[in-house]
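> My structure is below; once you've seen it, I'll send some questions.
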Amino acid sequence: MKKPDIKYLFEPRGIAVIGASESEGKIGHKVVDNIVSGGYKGGIYPVNPKRGNILGLPVYNSVERIKGNVDLAIIVVPAKFVYDEVVKCAGKKVKFLSIITSGFSEVGDIETEKRIASFANTHGMRVLGPNIFGTYSSKVSLNATFGPKNIKKGNVAIITQSGALGIAMIGKTAVENIGLSSIISVGNKSDLNESNLLECLVEDKATRIIMMYIEGVHDGNELVNSLIHSAKKKPVIVIKSGRSKRGAMAAASHTGSLAGADDVFDNIMRQCGILRAESIAEAFNWARFLATAPVPASRDAAIITNGGGIGVMATDACEKYGVSLYDNTAELKKMFSPVTPEFGSIKNPIDLTGQASSSDYDSALTAASKFDKIGAVISLYCETALFDAENLSGMIEKVYKKYAEVKKPVVFSLLGGEKAENCVKKLQQSRIPVFADVYDAVSCLGKLYQHAEFTREISEKPVEFDINAKKIGEIVTKAMSEGRGFLLAHEGAAVMEECGIEVPKSFVAKNVNDAVNYAEKIGYPVVMKVVSKEILHKSDCGGVALDLENKQEVISAYEAVLHNCRKHYPDAVISGVEVCEMVKKGVEMIVGARQDNSFGHIVMCGLGGIYVEVMKDVSFRSVPLGKREALSMIKEIKSYPLLLGVRGEERKDIETVIDTILKLGNVIKRCPDITDIEINPLVAYDHGMGAKAVDIRILLRRGL
């Protein structure tokens with residue numbers, strides 16, 4: 001059945017409150033009270049079998065008895081009665097159900113929750129919740145929550161998975177003088193989720209900033225697409241709990257074990273252009289600033305201060321948050337010499353010295369506002385005995401107005417005693433970006449630059465390589481039919497060949513004579529590895545021999561590999577010993593792809609080799625992606641300079657590493673029976689010389 005237009009969730013023409021109560025202590029009363037006192041002008045229909053009157057409104061004994069249109073039904077009855085009420089709502093042709101009631105999947109009753117969502121969807125209704133506190137929409141003055149009254153109207157929209165935290169955030173917005181366009185609680189997300197809501201909020205003219213609190217991601221691919229689309233139009237700030245790796249899924253590949261839930265989330269949020277906050281306080285700082293800040297016309301900023309120490313702190317903060325400083329000394333001297341004492345500094349930070357007055361600040365800040373090569377200004381003030389503090393507030397208000405007129409962002413940080421603290425509080429109430437801590441001020445400016453940079457990027461088309469998915473599928477199907485959850489080494493090499501990824505020459509020897517013949521065919525030196533479906537981590541049990549230089553070493557290694565493996569795995573079936581080309585040295589990378597529980601298809605790259613689990617120098621992205629995004633993930637790793645060449649070395653073949661990442665992304669997306677792919681190491685050679693996939697590990701779904 002056709003889904004209703006989501007605008008009716010934010011702009012309902014009529015609302016039924018099923019479970020409305022005359023008792024002031026009940027949620028059913030609080031919701032009705034908030035709707036009435038909030039000024040909502042549409043139809044309000046309390047529903048309760050006892051009927052009666054609530055806040056002057058007649059009570060209906062069933063939603064089906066209501067004569068007016070009901071676009072939104074708010075359900076607050078006990079969990080065991082919710083399904084029956086949903087059925088009645090279908091009869092009334094309700095469009096949206098806001099199920100405040102708890103007691104479903106969050107306590108283990110997944111079946112009932114699915115039953116409700118399924119019935120609603122098949123009857124043309126959408127479900128928000130269950131286990132939510134409700135919704136607020138400034139468009140129609142609708143406070144359909146059991147949270148605080150008198151929500152301040154504004155241009156920040158909040159989507160929250162936590163009900164209690166969401167209610168607290170409403171209170172916090174009032175304290176922080178932040179107005180809301182909407183706040184929506186998604187709860188258990190049985191039907192409507194963040195992606196559905198973003199679709200509406202990003203087109204809402206009243207919303208300038210979207211803030212999200214997320215605890216878990218259900219459909220990561222859908223969310224990624226929604227976030228990228230939204231962040232291109234408006235700043236999206238995300239707070240996510242669960243930073244620890246306790247929830248990370250362990251797997252038999254480094255790609256799985258390194259994919260801590262927060263690592264993947266953090267990298268993919270960066271890919272989507274999302275501003276991830278460490279705390280609620282930080283998120284509110286950004287939201288308040290970004291809601292009114294103009295887009296900077298230049299990448300470079302200037303610091304104006306009366307204290308050298310705080311200027312250095314601001315410089316450190318700029319480096320941390322990605323704010324570059326204007327450094328043309330000649331231009332700075334020309335601009336700021338007239339307003340800076342001889343013993344001050346004009347090298348940015350511009351140090352007006354401790355004797356600077358409010359008029360000195362006014363002159364310097366006015367000069368910076370007119371200089372088009374400075375895109376933003378950070379104004380710092382340290383309280384001194386010489387400063388005319390009584391004029392500080394007025395000066396900042398005057399300067400801020402000037403900057404608003406020329407559409408140039410400016411932030412202020414005031415450090416001092418009671419006078420400075422009172423000034424901060426007063427100016428914040430006027431929505432001027434003033435902070436007590438310099439790092440808070442600079443972080444806001446950094447996020448403004450980060451968002452502006454993301455919106456300027458030209459959308460990149462994903463790269464699709466011509467991989468032989470059919471042939472790969474045949475290799476996988478054969479392995480699964482044998483009950484294996486992984487591919488053997490030669491099968492993994494065959495998959496790489498179908499992707500166009502170069503692998504070392506190799507053959508599987510069934511006996512020692514074969515091993516010698518293959519070694520001489522390949523050419524010394526060679527490597528030998530055990531081939532067995534029971535032995536996944538070969539090197540851990542002595543199943544690998546490296547750098548074999550001649551016939552005798554091959555014979556000895558063959559016997560040693562078999563002896564070691566039989567000792568550690570006496571019941572293992574050994575199919576043979578792989579004789580492999582010993583690849584020349586290069587930079588060892590790890591490249592992988594997997595089907596992630598939250599984000600679906602993801603890719604990973606980082607520093608490879610035997611220390612990968614210790615160093616954990618890796619980066620992740622969601623699939624699909626293009627070459628620019630693949631390069632950005634490589635640049636994120638600390639070992640990236642190794643690829644650029646160090647101590648006279650040549651630059652490595654970064655382009656081949658990028659292609660390998662993209663090819664594995666294509667495989668994991670097009671071959672659903674493959675859950676994990678890992679190349680470790682992928683040896684990258686000098687530019688133009690390519691790279692070789694030395695050790696390949698491919699995990700599969702359970703065997704057929």
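Residue numbers start at 1 in each chain; chains themselves are named A, B, ... in the order of the structure tokens; ligands are numbered from 1 in the order shown.
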Find the residues around Ala297 of chain A up to 8 Å (only C-alpha atoms counted), leave out those fewer than 5 positions away in its own chain, and share them as an mmCIF file with N, CA and C atoms, in the first residue's frame.

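The new file out.cif reads:
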```cif
data_model
loop_
_atom_site.group_PDB
_atom_site.id
_atom_site.type_symbol
_atom_site.label_atom_id
_atom_site.label_comp_id
_atom_site.auth_asym_id
_atom_site.auth_seq_id
_atom_site.Cartn_x
_atom_site.Cartn_y
_atom_site.Cartn_z
ATOM 1 N N ASP A 372 39.688 41.037 2.925
ATOM 2 C CA ASP A 372 39.006 39.887 2.320
ATOM 3 C C ASP A 372 39.837 38.609 2.308
ATOM 4 N N GLY A 375 39.337 35.005 6.226
ATOM 5 C CA GLY A 375 37.968 34.485 6.113
ATOM 6 C C GLY A 375 37.204 34.459 7.412
ATOM 7 N N LYS A 408 31.004 37.707 7.666
ATOM 8 C CA LYS A 408 32.277 37.068 8.005
ATOM 9 C C LYS A 408 32.159 36.480 9.413
#
```
> Smallest atom-to-atom distance to Gly28 of chain A: which of A:Gln595, A:Asn225, A:Thr145, A:Ser619, using only C-alpha atoms?
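Checking each candidate against Gly28 of chain A, we get A:Thr145 as the closest.
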> Which distance in Å separates atom CA of Ala509 of chain A and atom CA of Ala469 of chain A, to one decimal?
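Separating atom CA of Ala509 of chain A from atom CA of Ala469 of chain A is a distance of 27.9 Å.
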> With a distance cut-off of 6 Å and only C-alpha atoms, select the neighbouring residues of segment 91-108 of chain A, excluding the residue or stretch itself and same-chain residues fewer than 2 positions from it, and output the selection as a PyMOL selection string.
chain A and resi 64+70-76+79+88-89+110+113+125-133
> Rank nothing, just name the residue among A:Gly38, A:Gln428, A:Ala16, A:Asp360 nearest to Gly68 of chain A, using only C-alpha atoms.
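Distance minimum relative to Gly68 of chain A lands on A:Ala16.
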> Grab the atom CA of Cys541 of chain A to atom CA of Ser575 of chain A distance for me, in Å with one decimal place.
16.3 Å
> Mind pulling up the distance from atom CA of Tyr558 of chain A to atom CA of Gly543 of chain A?
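Interatomic distance, atom CA of Gly543 of chain A to atom CA of Tyr558 of chain A: 9.5 Å.
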> Taking into account only C-alpha atoms, which residue in the set A:Tyr361, A:Phe343, A:Phe146, A:Tyr439 is nearest to Glu282 of chain A?
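Using only C-alpha atoms, Glu282 of chain A sits closest to A:Tyr439.
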> Would you please work out which residue, of A:Phe599, A:Leu427, A:Pro296, A:Asn513, is nearest to Leu223 of chain A when using only C-alpha atoms?
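Nearest candidate to Leu223 of chain A out of A:Phe599, A:Leu427, A:Pro296, A:Asn513: A:Phe599.
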> Counting only C-alpha atoms, what is within 10 Å of segment 640-651 of chain A, bar same-chain residues fewer than 2 positions away, as a PDB file with C-alpha atoms, in the first residue's frame?

```
ATOM      1  CA  GLY A 586      57.946  -3.041  -0.583  1.00  0.00           C
ATOM      2  CA  VAL A 587      55.570  -1.257   1.794  1.00  0.00           C
ATOM      3  CA  GLU A 588      53.300  -3.828   3.404  1.00  0.00           C
ATOM      4  CA  MET A 589      49.663  -2.715   3.487  1.00  0.00           C
ATOM      5  CA  GLY A 606      46.063   0.381   6.702  1.00  0.00           C
ATOM      6  CA  LEU A 607      49.569  -0.601   7.642  1.00  0.00           C
ATOM      7  CA  ASP A 617      46.711   1.825  11.946  1.00  0.00           C
ATOM      8  CA  MET A 633      41.072   6.926   3.715  1.00  0.00           C
ATOM      9  CA  ILE A 634      44.692   6.085   2.856  1.00  0.00           C
ATOM     10  CA  LYS A 635      45.768   9.590   3.886  1.00  0.00           C
ATOM     11  CA  GLU A 636      44.109   9.118   7.285  1.00  0.00           C
ATOM     12  CA  ILE A 637      46.450   6.344   8.376  1.00  0.00           C
ATOM     13  CA  LYS A 638      49.556   7.372  10.318  1.00  0.00           C
ATOM     14  CA  ASP A 653      52.179   2.907  -6.327  1.00  0.00           C
ATOM     15  CA  ILE A 654      49.308   4.497  -4.385  1.00  0.00           C
ATOM     16  CA  VAL A 657      46.431   0.411  -3.656  1.00  0.00           C
ATOM     17  CA  ALA A 684      53.111  -1.835  -2.687  1.00  0.00           C
ATOM     18  CA  TYR A 685      56.087  -1.214  -4.965  1.00  0.00           C
ATOM     19  CA  ASP A 686      57.520   1.964  -6.453  1.00  0.00           C
ATOM     20  CA  HIS A 687      55.227   4.163  -8.513  1.00  0.00           C
ATOM     21  CA  GLY A 688      54.274   2.441 -11.744  1.00  0.00           C
TER      22      GLY A 688
END
```
> Which residues are near segment 674-682 of chain A? Cut-off 6 Å, only C-alpha atoms, ignore same chain within fewer than 5 positions. Put them as a list of chain:residue names.
A:Glu588, A:Met589, A:Ile590, A:Val591, A:Gly592, A:Ala593, A:Arg594, A:Gln595, A:Gly608, A:Gly609, A:Lys692, A:Ala693, A:Val694, A:Asp695, A:Ile696, A:Arg697, A:Ile698, A:Leu699, A:Leu700
> Using only C-alpha atoms, find each residue of segment 252-321 of chain A with at least one atom at most 12 Å away from an atom of segment 414-422 of chain A; report its shortest atom-to-atom pair and that distance in Å (one decimal), sort the rows by chain and rising residue number, and return the result as CSV.

```
residue,atom,partner,partner_atom,distance
A:Thr305,CA,A:Leu414,CA,10.1
A:Asn306,CA,A:Leu414,CA,10.7
A:Gly307,CA,A:Leu415,CA,10.2
A:Gly309,CA,A:Leu415,CA,11.6
A:Ile310,CA,A:Leu415,CA,8.9
A:Gly311,CA,A:Leu415,CA,11.8
```
